[in-house]
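Okay, work_26.cif is below, mmCIF, C-alpha atoms:
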```
data_coords
#
loop_
_atom_site.label_atom_id
_atom_site.label_comp_id
_atom_site.auth_asym_id
_atom_site.auth_seq_id
_atom_site.Cartn_x
_atom_site.Cartn_y
_atom_site.Cartn_z
CA MET A 1 -20.99 7.75 -35.51
CA LYS A 2 -18.07 5.35 -35.32
CA ILE A 3 -15.41 6.43 -32.85
CA ASN A 4 -12.67 4.03 -31.84
CA LEU A 5 -11.08 5.05 -28.53
CA SER A 6 -7.86 3.71 -27.04
CA ASP A 7 -7.74 2.79 -23.34
CA SER A 8 -6.00 6.09 -22.58
CA GLU A 9 -8.59 8.05 -24.53
CA TRP A 10 -11.33 6.34 -22.53
CA LYS A 11 -9.70 7.65 -19.32
CA LEU A 12 -9.72 11.20 -20.64
CA MET A 13 -13.26 10.89 -21.99
CA ASN A 14 -14.52 9.49 -18.67
CA CYS A 15 -12.98 12.51 -16.97
CA LEU A 16 -14.73 14.86 -19.40
CA TRP A 17 -18.06 13.06 -19.06
CA SER A 18 -17.93 13.45 -15.29
CA ARG A 19 -16.65 17.04 -15.14
CA SER A 20 -17.41 18.91 -18.32
CA PRO A 21 -16.32 21.45 -19.37
CA GLY A 22 -12.69 21.18 -18.41
CA THR A 23 -9.60 23.19 -19.13
CA ILE A 24 -6.26 21.55 -19.89
CA THR A 25 -5.04 22.46 -16.40
CA GLU A 26 -8.16 21.02 -14.74
CA LEU A 27 -8.03 17.82 -16.77
CA THR A 28 -4.32 17.35 -16.11
CA ALA A 29 -4.88 17.77 -12.37
CA ALA A 30 -7.83 15.37 -12.38
CA LEU A 31 -5.92 12.68 -14.27
CA LYS A 32 -2.46 13.13 -12.69
CA ALA A 33 -2.86 10.76 -9.73
CA ASP A 34 -4.29 7.92 -11.83
CA THR A 35 -2.16 8.31 -14.97
CA GLY A 36 0.85 10.50 -14.18
CA TRP A 37 0.22 12.37 -17.44
CA SER A 38 1.86 15.73 -18.02
CA LYS A 39 0.11 18.76 -19.44
CA ASN A 40 1.68 18.03 -22.84
CA THR A 41 0.28 14.50 -22.85
CA VAL A 42 -3.22 15.79 -22.11
CA ILE A 43 -2.89 18.41 -24.88
CA THR A 44 -1.83 15.70 -27.37
CA MET A 45 -4.68 13.43 -26.37
CA LEU A 46 -7.23 16.24 -26.60
CA SER A 47 -5.97 17.04 -30.11
CA ARG A 48 -6.37 13.40 -31.15
CA LEU A 49 -9.85 13.23 -29.65
CA GLU A 50 -10.85 16.44 -31.44
CA ALA A 51 -9.60 14.97 -34.74
CA LYS A 52 -11.74 11.88 -34.09
CA GLY A 53 -14.79 14.05 -33.38
CA ALA A 54 -15.05 12.88 -29.77
CA VAL A 55 -14.13 16.22 -28.16
CA ARG A 56 -14.79 19.86 -28.97
CA HIS A 57 -13.60 23.07 -27.38
CA GLU A 58 -14.76 26.62 -26.89
CA GLU A 59 -12.46 29.57 -26.37
CA GLY A 60 -12.70 30.92 -22.84
CA ALA A 61 -11.44 34.21 -21.46
CA ARG A 62 -8.21 32.63 -20.20
CA ALA A 63 -8.25 29.03 -21.47
CA LYS A 64 -9.98 26.66 -23.85
CA HIS A 65 -12.89 24.74 -22.38
CA TYR A 66 -13.19 21.13 -23.56
CA PHE A 67 -16.46 19.23 -23.86
CA PRO A 68 -17.31 15.70 -24.96
CA ALA A 69 -18.75 15.79 -28.49
CA VAL A 70 -20.11 12.27 -28.17
CA SER A 71 -22.19 10.79 -25.36
CA ARG A 72 -20.84 8.03 -23.15
CA ARG A 73 -23.72 5.85 -24.34
CA ASP A 74 -22.86 6.33 -28.04
CA ALA A 75 -19.15 5.70 -27.40
CA ALA A 76 -19.96 2.55 -25.41
CA ARG A 77 -22.30 1.32 -28.13
CA ALA A 78 -19.63 1.84 -30.81
CA GLU A 79 -17.02 0.09 -28.65
CA THR A 80 -19.36 -2.84 -28.02
CA GLU A 81 -20.12 -3.25 -31.72
CA SER A 82 -16.41 -3.09 -32.53
CA PHE A 83 -15.60 -5.67 -29.86
CA LEU A 84 -18.35 -8.03 -30.98
CA GLY A 85 -17.18 -7.72 -34.58
CA LYS A 86 -13.53 -8.40 -33.76
CA VAL A 87 -13.89 -11.14 -31.19
CA TYR A 88 -17.20 -12.87 -31.92
CA GLY A 89 -17.77 -12.13 -35.60
CA GLY A 90 -20.61 -9.79 -34.66
CA SER A 91 -22.57 -12.49 -32.83
CA LEU A 92 -24.01 -11.51 -29.47
CA GLY A 93 -25.16 -15.11 -29.06
CA LEU A 94 -21.59 -16.42 -29.31
CA MET A 95 -20.43 -13.94 -26.68
CA MET A 96 -23.24 -14.84 -24.29
CA SER A 97 -22.62 -18.55 -24.85
CA ALA A 98 -18.93 -18.09 -24.03
CA MET A 99 -19.81 -16.18 -20.85
CA VAL A 100 -22.31 -18.82 -19.74
CA GLU A 101 -19.85 -21.65 -20.44
CA SER A 102 -17.12 -19.94 -18.43
CA ARG A 103 -19.60 -19.13 -15.64
CA GLN A 104 -18.89 -15.40 -15.91
CA LEU A 105 -22.55 -14.44 -15.39
CA THR A 106 -23.75 -13.84 -11.86
CA GLU A 107 -27.37 -14.19 -10.76
CA ALA A 108 -27.58 -10.38 -10.82
CA ASP A 109 -26.25 -10.33 -14.41
CA ILE A 110 -28.86 -12.89 -15.47
CA ALA A 111 -31.65 -10.92 -13.81
CA GLU A 112 -30.48 -7.72 -15.51
CA LEU A 113 -30.32 -9.43 -18.91
CA SER A 114 -33.79 -10.90 -18.40
CA ALA A 115 -35.18 -7.45 -17.62
CA ILE A 116 -33.52 -6.00 -20.73
CA LEU A 117 -34.95 -8.77 -22.92
CA GLU A 118 -38.42 -8.30 -21.42
CA GLN A 119 -38.22 -4.59 -22.12
CA ALA A 120 -37.18 -5.33 -25.71
CA GLY A 121 -40.15 -7.67 -26.10
CA GLY A 122 -38.14 -10.89 -26.17
CA GLU A 123 -38.87 -14.17 -24.42
CA THR A 124 -36.84 -14.84 -21.25
CA THR A 125 -37.84 -18.41 -20.57
#
```
Can you dump the structure from the file as structure tokens?
Amino acid sequence: MKINLSDSEWKLMNCLWSRSPGTITELTAALKADTGWSKNTVITMLSRLEAKGAVRHEEGARAKHYFPAVSRRDAARAETESFLGKVYGGSLGLMMSAMVESRQLTEADIAELSAILEQAGGETT
């Protein structure tokens, strides 16, 4: 599933992933301090996310209840693939090389990457 989310849509999705289901009123209240979004803005964004297949709703007794229709993991994977394709021509090696050259990797990052490669069956030496 290929879902391309804007930065604003990520904020709304993160809210839904942490507190699902949510009504429009609940989501607006949860996002208000960070974003300043009005109820109408949240409604518009939910409509866009439903059209993209990222959100679904169920009719409740008094209000619609919104749920994520895609997992955070799947959305992150799609975003990562999109980013790699746009910026590094799809090459994970180029991205890692750029991070190493700019000294963006901490010792903890390197240890985490080594553990991931070991789990995948790759060489880490």
Worksheet item: Where does the PyMOL selection byres ((chain A and resi 9-23) around 10) land in this file, that is, which residues does it pick, as a ChimeraX atom specification?
Response: /A:4-8,24-31,34-35,42,45-46,48-49,54-58,60,62-72,75-76
I'd like the box whose edges run along x, y and z of the file and which contains every listed atom of range 61-74 of chain A, padded by 6 Å per side; could you state its centre and edge lengths in Å, one decimal, as AutoDock Vina command-line options?
```
--center_x -16.0 --center_y 20.0 --center_z -24.3 --size_x 27.5 --size_y 40.4 --size_z 20.3
```
Practice prompt. Pick out the closest residue to Lys2 in chain A from this set: A:Ser82, A:Thr41, A:Thr106, A:Ser114. Count all atoms listed in the file.
Written response: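 The answer is A:Ser82, which sits nearest to Lys2 in chain A.
We find CA of Met96 in chain A and CA of Ala115 in chain A to be spaced 15.5 Å apart.
From CA of Leu84 in chain A back to CA of Ala111 in chain A, the distance works out to 21.9 Å.
You will find CA of Ala108 in chain A at 20.5 Å from CA of Thr80 in chain A.
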